[in-house]
$ cat final02.cif   # mmCIF, C-alpha atoms
data_structure
#
loop_
_atom_site.label_atom_id
_atom_site.label_comp_id
_atom_site.auth_asym_id
_atom_site.auth_seq_id
_atom_site.Cartn_x
_atom_site.Cartn_y
_atom_site.Cartn_z
CA MET C 211 110.01 129.42 172.27
CA SER C 212 108.96 131.17 175.43
CA ALA C 213 107.59 134.52 176.40
CA SER C 214 107.06 136.15 179.75
CA PRO C 215 105.03 139.26 178.96
CA ALA C 216 104.92 140.32 182.62
CA ASP C 217 108.62 141.11 182.63
CA GLY C 218 109.07 141.73 178.89
CA LEU C 219 111.34 138.71 178.30
CA ILE C 220 111.03 136.73 175.06
CA VAL C 221 113.27 133.81 174.11
CA ARG C 222 113.28 133.21 170.36
CA VAL C 223 115.31 131.67 167.59
CA ALA C 224 118.18 133.99 166.67
CA ALA C 225 118.44 135.22 163.07
CA PRO C 226 121.37 136.59 161.03
CA ALA C 227 120.04 140.10 161.70
CA ASP C 228 120.88 139.48 165.39
CA ALA C 229 124.61 139.06 164.72
CA GLU C 230 125.72 142.43 166.07
CA ALA C 231 123.47 142.16 169.14
CA LEU C 232 124.80 138.67 169.94
CA ALA C 233 128.37 139.91 169.44
CA ARG C 234 127.69 142.75 171.88
CA VAL C 235 126.27 140.36 174.48
CA HIS C 236 129.18 137.98 173.88
CA VAL C 237 131.83 140.65 174.48
CA GLU C 238 130.11 142.42 177.37
CA SER C 239 129.22 139.20 179.15
CA TRP C 240 132.78 137.87 178.91
CA ARG C 241 134.07 141.12 180.38
CA SER C 242 131.60 140.87 183.27
CA ALA C 243 131.67 137.14 183.97
CA TYR C 244 135.40 136.59 183.51
CA ARG C 245 136.85 139.84 184.90
CA ARG C 246 138.49 138.02 187.82
CA LEU C 247 139.23 134.84 185.87
CA LEU C 248 140.97 136.06 182.70
CA PRO C 249 143.57 138.78 182.10
CA PRO C 250 142.17 142.30 181.63
CA ASP C 251 144.26 142.76 178.46
CA TYR C 252 142.64 139.68 176.94
CA LEU C 253 139.13 140.86 177.78
CA ASP C 254 139.83 144.43 176.64
CA ALA C 255 140.95 143.10 173.25
CA LEU C 256 137.55 141.51 172.58
CA THR C 257 135.49 143.66 170.20
CA VAL C 258 131.98 143.65 168.86
CA ALA C 259 133.39 144.50 165.41
CA ALA C 260 135.48 141.32 165.37
CA ARG C 261 132.72 139.08 166.75
CA THR C 262 129.88 140.33 164.51
CA PRO C 263 131.05 138.67 161.25
CA ARG C 264 131.63 135.41 163.11
CA TRP C 265 128.11 135.54 164.52
CA ARG C 266 126.65 136.46 161.12
CA GLN C 267 128.37 133.44 159.58
CA ARG C 268 127.28 131.17 162.43
CA LEU C 269 123.65 132.29 162.23
CA ARG C 270 123.55 131.76 158.46
CA HIS C 271 124.77 128.19 158.85
CA VAL C 272 122.98 126.72 161.84
CA GLY C 273 122.94 122.95 161.30
CA PRO C 274 119.84 120.77 161.42
CA ARG C 275 120.53 119.61 165.00
CA GLU C 276 121.90 122.96 166.22
CA SER C 277 120.16 125.92 167.81
CA VAL C 278 120.93 129.51 168.68
CA VAL C 279 118.34 131.34 170.74
CA ALA C 280 118.23 134.96 171.82
CA ALA C 281 116.69 136.43 174.95
CA GLU C 282 115.09 139.76 174.25
CA ARG C 283 113.73 142.12 176.87
CA ASP C 284 111.63 145.05 175.71
CA GLY C 285 113.00 144.70 172.17
CA VAL C 286 116.69 144.50 173.17
CA VAL C 287 118.77 141.31 172.96
CA VAL C 288 120.13 140.69 176.46
CA GLY C 289 121.42 137.12 176.16
CA PHE C 290 121.82 134.04 174.02
CA ALA C 291 122.36 130.30 174.18
CA SER C 292 123.65 127.87 171.58
CA ALA C 293 123.64 124.10 171.44
CA GLY C 294 124.15 121.19 169.06
CA PRO C 295 126.03 117.91 168.65
CA SER C 296 128.88 117.23 171.05
CA ARG C 297 132.27 118.28 169.70
CA ASP C 298 134.22 116.11 172.13
CA PRO C 299 136.28 113.34 170.54
CA ASP C 300 135.30 110.86 173.26
CA CYS C 301 131.57 111.38 172.64
CA ASP C 302 129.33 110.35 169.76
CA GLY C 303 127.81 113.57 168.40
CA ARG C 304 124.93 111.56 166.95
CA VAL C 305 123.86 110.61 170.49
CA SER C 306 125.30 113.31 172.76
CA GLY C 307 124.50 116.99 172.51
CA GLU C 308 126.39 119.95 173.88
CA LEU C 309 125.31 123.21 175.44
CA TYR C 310 127.93 125.37 173.75
CA ALA C 311 127.20 128.65 175.50
CA ILE C 312 124.86 130.70 177.63
CA TYR C 313 125.77 134.36 177.98
CA LEU C 314 123.77 137.31 179.19
CA LEU C 315 124.36 140.90 180.12
CA GLU C 316 125.27 141.47 183.76
CA HIS C 317 122.09 143.41 184.55
CA GLU C 318 120.15 140.24 183.64
CA TRP C 319 121.90 138.08 186.24
CA GLY C 320 119.42 136.85 188.83
CA ARG C 321 116.36 137.72 186.69
CA SER C 322 115.72 134.15 185.43
CA THR C 323 117.02 135.04 181.97
CA GLY C 324 119.78 132.44 182.20
CA ARG C 325 117.23 129.83 183.25
CA ALA C 326 114.98 130.70 180.32
CA LEU C 327 117.91 130.41 177.88
CA HIS C 328 119.01 127.16 179.49
CA ASP C 329 115.53 125.68 179.22
CA ALA C 330 115.22 126.70 175.55
CA ALA C 331 118.60 125.13 174.74
CA ILE C 332 117.68 121.90 176.58
CA GLU C 333 114.36 121.79 174.73
CA ALA C 334 116.21 122.16 171.40
CA LEU C 335 118.62 119.34 172.33
CA ARG C 336 115.67 117.11 173.27
CA ASP C 337 113.87 118.01 170.03
CA ALA C 338 117.04 117.00 168.15
CA ARG C 339 116.75 113.63 169.92
CA PHE C 340 120.02 113.67 171.82
CA ALA C 341 120.09 111.21 174.73
CA ASP C 342 122.37 113.29 176.93
CA ALA C 343 124.29 116.53 176.86
CA MET C 344 127.50 118.07 178.09
CA LEU C 345 128.93 121.52 178.60
CA TRP C 346 132.29 123.01 179.55
CA VAL C 347 132.75 125.63 182.26
CA LEU C 348 135.83 127.30 183.70
CA ALA C 349 136.78 125.42 186.87
CA ALA C 350 137.17 128.71 188.74
CA ASN C 351 133.76 130.02 187.63
CA GLU C 352 131.91 129.04 190.80
CA ARG C 353 128.87 131.16 189.98
CA ALA C 354 128.29 129.37 186.67
CA ARG C 355 129.00 125.99 188.19
CA ARG C 356 126.36 126.55 190.88
CA PHE C 357 123.88 127.63 188.20
CA TYR C 358 124.44 124.47 186.14
CA GLU C 359 124.29 122.23 189.19
CA ARG C 360 120.90 123.75 190.10
CA GLN C 361 119.74 122.83 186.58
CA GLY C 362 120.65 119.16 187.07
CA TRP C 363 124.16 119.07 185.58
CA ALA C 364 127.01 117.19 187.29
CA ALA C 365 130.75 117.27 186.68
CA ASP C 366 131.79 114.01 185.00
CA GLY C 367 135.47 114.10 186.03
CA THR C 368 136.78 115.24 182.62
CA THR C 369 138.90 118.38 182.44
CA LYS C 370 140.87 120.20 179.78
CA VAL C 371 143.23 123.15 179.66
CA GLU C 372 142.49 126.07 177.34
CA SER C 373 144.31 129.32 176.73
CA TYR C 374 142.54 132.67 177.01
CA GLY C 375 145.54 134.88 177.60
CA VAL C 376 146.42 132.47 180.42
CA ARG C 377 146.00 128.75 180.72
CA VAL C 378 142.78 127.83 182.50
CA THR C 379 141.18 124.55 183.43
CA GLU C 380 137.70 123.75 182.21
CA VAL C 381 135.45 121.10 183.74
CA ARG C 382 132.95 119.06 181.75
CA TYR C 383 129.42 118.67 183.07
CA ARG C 384 126.84 116.17 181.82
CA ARG C 385 123.18 115.39 182.19
CA ALA C 386 120.59 113.08 180.75
CA LEU C 387 117.97 114.64 178.52
#
$ encode --input "final02.cif" --output "structure tokens"
Amino acid sequence: MSASPADGLIVRVAAPADAEALARVHVESWRSAYRRLLPPDYLDALTVAARTPRWRQRLRHVGPRESVVAAERDGVVVGFASAGPSRDPDCDGRVSGELYAIYLLEHEWGRSTGRALHDAAIEALRDARFADAMLWVLAANERARRFYERQGWAADGTTKVESYGVRVTEVRYRRAL
């Protein structure tokens, strides 16, 4: 993985012992990133206690072509990324990978933490020998869309509607690896 001793950031493989820290980042980052995009009641209902067992289970069963990485600054987990085979029915998961998630605490925005997590996830997808990759992002999440576009992703014209307390449109992005 990567380390940047000058600013105390380390990106490393996440372990089951990180479950609660990842759950905390997951909940706090959703509340920050989606506060104007999803209903407050939905975001307020997210809890670290509910997410921790799910993360513990996920980290115990990371597949051979999957990865979960944690960003740690000065000993504290401040973000994570996960990736693996595409889950989309119109894609061959043996050939196409997917960047499932990148989330980080709000105070890490603009500090290159997202870029470090992105790069680690892309490296893992390449190491797993995927030819290309995709990701899904809320259509209204302009900040995230700009970030992905700067990293070489492009919308491929595919959308879907999901429900997170309200129905929202997600846009699929793709890139070659």
$ residues_around --input "final02.cif" --residues "region 271-274 of chain C" --least-positions-apart "3" --cutoff "10 Å" --atoms "only C-alpha atoms" --output "PDB file with C-alpha atoms, in the coordinates of the input"
ATOM      1  CA  ALA C 224     118.180 133.990 166.670  1.00  0.00           C
ATOM      2  CA  ALA C 225     118.440 135.220 163.070  1.00  0.00           C
ATOM      3  CA  PRO C 226     121.370 136.590 161.030  1.00  0.00           C
ATOM      4  CA  TRP C 265     128.110 135.540 164.520  1.00  0.00           C
ATOM      5  CA  ARG C 266     126.650 136.460 161.120  1.00  0.00           C
ATOM      6  CA  GLN C 267     128.370 133.440 159.580  1.00  0.00           C
ATOM      7  CA  ARG C 268     127.280 131.170 162.430  1.00  0.00           C
ATOM      8  CA  SER C 277     120.160 125.920 167.810  1.00  0.00           C
ATOM      9  CA  VAL C 278     120.930 129.510 168.680  1.00  0.00           C
ATOM     10  CA  SER C 292     123.650 127.870 171.580  1.00  0.00           C
ATOM     11  CA  ALA C 293     123.640 124.100 171.440  1.00  0.00           C
ATOM     12  CA  GLY C 294     124.150 121.190 169.060  1.00  0.00           C
ATOM     13  CA  PRO C 295     126.030 117.910 168.650  1.00  0.00           C
ATOM     14  CA  ALA C 338     117.040 117.000 168.150  1.00  0.00           C
TER      15      ALA C 338
END
$ atom_distance --input "final02.cif" --atom1 "CA of Val381 (chain C)" --atom2 "CA of Leu269 (chain C)"
27.0 Å
$ residues_around --input "final02.cif" --residues "Gly367 (chain C)" --least-positions-apart "4" --cutoff "10 Å" --atoms "only C-alpha atoms" --output "short mmCIF file (atom, residue, chain, number, x, y, z; two decimals) with C-alpha atoms, in the frame of the given file"
data_model
loop_
_atom_site.label_atom_id
_atom_site.label_comp_id
_atom_site.auth_asym_id
_atom_site.auth_seq_id
_atom_site.Cartn_x
_atom_site.Cartn_y
_atom_site.Cartn_z
CA VAL C 381 135.45 121.10 183.74
CA ARG C 382 132.95 119.06 181.75
CA TYR C 383 129.42 118.67 183.07
CA ARG C 384 126.84 116.17 181.82
#
$ residues_around --input "final02.cif" --residues "Ala255 (chain C)" --least-positions-apart "4" --cutoff "12 Å" --atoms "all atoms listed in the file" --output "ChimeraX atom specification"
/C:237-238,240-241,248-251,259-261,374-375
$ write_last_selection --input "final02.cif" --atoms "C-alpha atoms" --output "PDB file, in the frame of the given file"
ATOM      1  CA  VAL C 237     131.830 140.650 174.480  1.00  0.00           C
ATOM      2  CA  GLU C 238     130.110 142.420 177.370  1.00  0.00           C
ATOM      3  CA  TRP C 240     132.780 137.870 178.910  1.00  0.00           C
ATOM      4  CA  ARG C 241     134.070 141.120 180.380  1.00  0.00           C
ATOM      5  CA  LEU C 248     140.970 136.060 182.700  1.00  0.00           C
ATOM      6  CA  PRO C 249     143.570 138.780 182.100  1.00  0.00           C
ATOM      7  CA  PRO C 250     142.170 142.300 181.630  1.00  0.00           C
ATOM      8  CA  ASP C 251     144.260 142.760 178.460  1.00  0.00           C
ATOM      9  CA  ALA C 259     133.390 144.500 165.410  1.00  0.00           C
ATOM     10  CA  ALA C 260     135.480 141.320 165.370  1.00  0.00           C
ATOM     11  CA  ARG C 261     132.720 139.080 166.750  1.00  0.00           C
ATOM     12  CA  TYR C 374     142.540 132.670 177.010  1.00  0.00           C
ATOM     13  CA  GLY C 375     145.540 134.880 177.600  1.00  0.00           C
TER      14      GLY C 375
END
$ resolve_selection --input "final02.cif" --expression "the PyMOL selection byres ((chain C and resi 355) around 12)" --output "list in words"
Leu345, Trp346, Val347, Leu348, Ala349, Ala350, Asn351, Glu352, Arg353, Ala354, Arg356, Phe357, Tyr358, Glu359, Arg360, Gln361, Gly362, Trp363, Ala364, Ala365, Glu380, Val381, Arg382, Tyr383 and Arg384 of chain C
$ write_last_selection --input "final02.cif" --atoms "C-alpha atoms" --output "PDB file, in the frame of the given file"
ATOM      1  CA  LEU C 345     128.930 121.520 178.600  1.00  0.00           C
ATOM      2  CA  TRP C 346     132.290 123.010 179.550  1.00  0.00           C
ATOM      3  CA  VAL C 347     132.750 125.630 182.260  1.00  0.00           C
ATOM      4  CA  LEU C 348     135.830 127.300 183.700  1.00  0.00           C
ATOM      5  CA  ALA C 349     136.780 125.420 186.870  1.00  0.00           C
ATOM      6  CA  ALA C 350     137.170 128.710 188.740  1.00  0.00           C
ATOM      7  CA  ASN C 351     133.760 130.020 187.630  1.00  0.00           C
ATOM      8  CA  GLU C 352     131.910 129.040 190.800  1.00  0.00           C
ATOM      9  CA  ARG C 353     128.870 131.160 189.980  1.00  0.00           C
ATOM     10  CA  ALA C 354     128.290 129.370 186.670  1.00  0.00           C
ATOM     11  CA  ARG C 356     126.360 126.550 190.880  1.00  0.00           C
ATOM     12  CA  PHE C 357     123.880 127.630 188.200  1.00  0.00           C
ATOM     13  CA  TYR C 358     124.440 124.470 186.140  1.00  0.00           C
ATOM     14  CA  GLU C 359     124.290 122.230 189.190  1.00  0.00           C
ATOM     15  CA  ARG C 360     120.900 123.750 190.100  1.00  0.00           C
ATOM     16  CA  GLN C 361     119.740 122.830 186.580  1.00  0.00           C
ATOM     17  CA  GLY C 362     120.650 119.160 187.070  1.00  0.00           C
ATOM     18  CA  TRP C 363     124.160 119.070 185.580  1.00  0.00           C
ATOM     19  CA  ALA C 364     127.010 117.190 187.290  1.00  0.00           C
ATOM     20  CA  ALA C 365     130.750 117.270 186.680  1.00  0.00           C
ATOM     21  CA  GLU C 380     137.700 123.750 182.210  1.00  0.00           C
ATOM     22  CA  VAL C 381     135.450 121.100 183.740  1.00  0.00           C
ATOM     23  CA  ARG C 382     132.950 119.060 181.750  1.00  0.00           C
ATOM     24  CA  TYR C 383     129.420 118.670 183.070  1.00  0.00           C
ATOM     25  CA  ARG C 384     126.840 116.170 181.820  1.00  0.00           C
TER      26      ARG C 384
END
$ closest_residue --input "final02.cif" --among "C:Val287, C:Val376, C:Leu253, C:Val235" --to "Leu315 (chain C)" --atoms "only C-alpha atoms"
C:Val235
$ residues_near_point --input "final02.cif" --point "(113.9, 123.3, 172.1)" --cutoff "12 Å" --atoms "only C-alpha atoms" --output "MDAnalysis selection string"
chainID C and resid 211:212 221:223 275:279 291:294 309 326:340 387
$ write_last_selection --input "final02.cif" --atoms "C-alpha atoms" --output "PDB file, in the frame of the given file"
ATOM      1  CA  MET C 211     110.010 129.420 172.270  1.00  0.00           C
ATOM      2  CA  SER C 212     108.960 131.170 175.430  1.00  0.00           C
ATOM      3  CA  VAL C 221     113.270 133.810 174.110  1.00  0.00           C
ATOM      4  CA  ARG C 222     113.280 133.210 170.360  1.00  0.00           C
ATOM      5  CA  VAL C 223     115.310 131.670 167.590  1.00  0.00           C
ATOM      6  CA  ARG C 275     120.530 119.610 165.000  1.00  0.00           C
ATOM      7  CA  GLU C 276     121.900 122.960 166.220  1.00  0.00           C
ATOM      8  CA  SER C 277     120.160 125.920 167.810  1.00  0.00           C
ATOM      9  CA  VAL C 278     120.930 129.510 168.680  1.00  0.00           C
ATOM     10  CA  VAL C 279     118.340 131.340 170.740  1.00  0.00           C
ATOM     11  CA  ALA C 291     122.360 130.300 174.180  1.00  0.00           C
ATOM     12  CA  SER C 292     123.650 127.870 171.580  1.00  0.00           C
ATOM     13  CA  ALA C 293     123.640 124.100 171.440  1.00  0.00           C
ATOM     14  CA  GLY C 294     124.150 121.190 169.060  1.00  0.00           C
ATOM     15  CA  LEU C 309     125.310 123.210 175.440  1.00  0.00           C
ATOM     16  CA  ALA C 326     114.980 130.700 180.320  1.00  0.00           C
ATOM     17  CA  LEU C 327     117.910 130.410 177.880  1.00  0.00           C
ATOM     18  CA  HIS C 328     119.010 127.160 179.490  1.00  0.00           C
ATOM     19  CA  ASP C 329     115.530 125.680 179.220  1.00  0.00           C
ATOM     20  CA  ALA C 330     115.220 126.700 175.550  1.00  0.00           C
ATOM     21  CA  ALA C 331     118.600 125.130 174.740  1.00  0.00           C
ATOM     22  CA  ILE C 332     117.680 121.900 176.580  1.00  0.00           C
ATOM     23  CA  GLU C 333     114.360 121.790 174.730  1.00  0.00           C
ATOM     24  CA  ALA C 334     116.210 122.160 171.400  1.00  0.00           C
ATOM     25  CA  LEU C 335     118.620 119.340 172.330  1.00  0.00           C
ATOM     26  CA  ARG C 336     115.670 117.110 173.270  1.00  0.00           C
ATOM     27  CA  ASP C 337     113.870 118.010 170.030  1.00  0.00           C
ATOM     28  CA  ALA C 338     117.040 117.000 168.150  1.00  0.00           C
ATOM     29  CA  ARG C 339     116.750 113.630 169.920  1.00  0.00           C
ATOM     30  CA  PHE C 340     120.020 113.670 171.820  1.00  0.00           C
ATOM     31  CA  LEU C 387     117.970 114.640 178.520  1.00  0.00           C
TER      32      LEU C 387
END
$ atom_distance --input "final02.cif" --atom1 "CA of Thr379 (chain C)" --atom2 "CA of Arg321 (chain C)"
28.3 Å
$ closest_residue --input "final02.cif" --among "C:Val305, C:Leu232, C:Ile312, C:Val371" --to "Thr257 (chain C)" --atoms "only C-alpha atoms"
C:Leu232
$ atom_distance --input "final02.cif" --atom1 "CA of Ile220 (chain C)" --atom2 "CA of Met344 (chain C)"
25.1 Å
$ residues_around --input "final02.cif" --residues "Pro263 (chain C)" --least-positions-apart "5" --cutoff "9 Å" --atoms "all atoms listed in the file" --output "list in words"
Ala229, Glu230, Ala233 and Arg268 of chain C
$ build_atoms --input "final02.cif" --residues "region 237-267 of chain C" --atoms "N, CA and C atoms" --output "CSV table (one decimal), in the coordinates of the input"
chain,number,residue,atom,x,y,z
C,237,VAL,N,130.7,139.9,174.0
C,237,VAL,CA,131.8,140.6,174.5
C,237,VAL,C,131.6,141.2,175.9
C,238,GLU,N,130.4,141.8,176.1
C,238,GLU,CA,130.1,142.4,177.4
C,238,GLU,C,130.0,141.4,178.5
C,239,SER,N,129.4,140.2,178.1
C,239,SER,CA,129.2,139.2,179.2
C,239,SER,C,130.6,138.6,179.5
C,240,TRP,N,131.4,138.4,178.6
C,240,TRP,CA,132.8,137.9,178.9
C,240,TRP,C,133.5,138.8,179.8
C,241,ARG,N,133.4,140.1,179.5
C,241,ARG,CA,134.1,141.1,180.4
C,241,ARG,C,133.5,141.1,181.8
C,242,SER,N,132.2,140.9,181.9
C,242,SER,CA,131.6,140.9,183.3
C,242,SER,C,131.9,139.6,184.0
C,243,ALA,N,131.6,138.5,183.3
C,243,ALA,CA,131.7,137.1,184.0
C,243,ALA,C,133.1,136.7,184.2
C,244,TYR,N,134.0,137.1,183.4
C,244,TYR,CA,135.4,136.6,183.5
C,244,TYR,C,136.4,137.6,184.0
C,245,ARG,N,135.9,138.8,184.5
C,245,ARG,CA,136.8,139.8,184.9
C,245,ARG,C,137.9,139.4,186.0
C,246,ARG,N,137.5,138.5,186.8
C,246,ARG,CA,138.5,138.0,187.8
C,246,ARG,C,139.1,136.7,187.4
C,247,LEU,N,138.7,136.2,186.3
C,247,LEU,CA,139.2,134.8,185.9
C,247,LEU,C,140.2,134.9,184.7
C,248,LEU,N,140.1,135.9,183.9
C,248,LEU,CA,141.0,136.1,182.7
C,248,LEU,C,141.7,137.4,182.7
C,249,PRO,N,142.8,137.5,182.1
C,249,PRO,CA,143.6,138.8,182.1
C,249,PRO,C,142.8,140.0,181.5
C,250,PRO,N,142.9,141.1,182.1
C,250,PRO,CA,142.2,142.3,181.6
C,250,PRO,C,142.6,142.6,180.2
C,251,ASP,N,143.8,142.5,179.8
C,251,ASP,CA,144.3,142.8,178.5
C,251,ASP,C,143.5,141.9,177.5
C,252,TYR,N,143.4,140.6,177.8
C,252,TYR,CA,142.6,139.7,176.9
C,252,TYR,C,141.2,140.1,176.7
C,253,LEU,N,140.5,140.4,177.8
C,253,LEU,CA,139.1,140.9,177.8
C,253,LEU,C,139.0,142.2,177.1
C,254,ASP,N,139.9,143.1,177.3
C,254,ASP,CA,139.8,144.4,176.6
C,254,ASP,C,140.0,144.3,175.1
C,255,ALA,N,140.7,143.3,174.7
C,255,ALA,CA,141.0,143.1,173.2
C,255,ALA,C,139.7,142.5,172.5
C,256,LEU,N,138.8,142.0,173.2
C,256,LEU,CA,137.6,141.5,172.6
C,256,LEU,C,136.8,142.7,172.0
C,257,THR,N,136.3,142.6,170.8
C,257,THR,CA,135.5,143.7,170.2
C,257,THR,C,134.2,143.1,169.5
C,258,VAL,N,133.2,144.0,169.6
C,258,VAL,CA,132.0,143.6,168.9
C,258,VAL,C,132.2,143.6,167.4
C,259,ALA,N,133.1,144.5,166.9
C,259,ALA,CA,133.4,144.5,165.4
C,259,ALA,C,134.0,143.2,164.9
C,260,ALA,N,134.9,142.6,165.8
C,260,ALA,CA,135.5,141.3,165.4
C,260,ALA,C,134.5,140.2,165.5
C,261,ARG,N,133.6,140.2,166.5
C,261,ARG,CA,132.7,139.1,166.8
C,261,ARG,C,131.5,139.1,165.8
C,262,THR,N,131.1,140.2,165.3
C,262,THR,CA,129.9,140.3,164.5
C,262,THR,C,130.0,139.5,163.3
C,263,PRO,N,131.0,139.5,162.4
C,263,PRO,CA,131.0,138.7,161.2
C,263,PRO,C,131.0,137.2,161.6
C,264,ARG,N,131.6,136.8,162.7
C,264,ARG,CA,131.6,135.4,163.1
C,264,ARG,C,130.2,135.0,163.5
C,265,TRP,N,129.5,135.9,164.2
C,265,TRP,CA,128.1,135.5,164.5
C,265,TRP,C,127.2,135.5,163.3
C,266,ARG,N,127.4,136.4,162.4
C,266,ARG,CA,126.6,136.5,161.1
C,266,ARG,C,126.8,135.1,160.4
C,267,GLN,N,128.1,134.7,160.3
C,267,GLN,CA,128.4,133.4,159.6
C,267,GLN,C,127.7,132.3,160.3
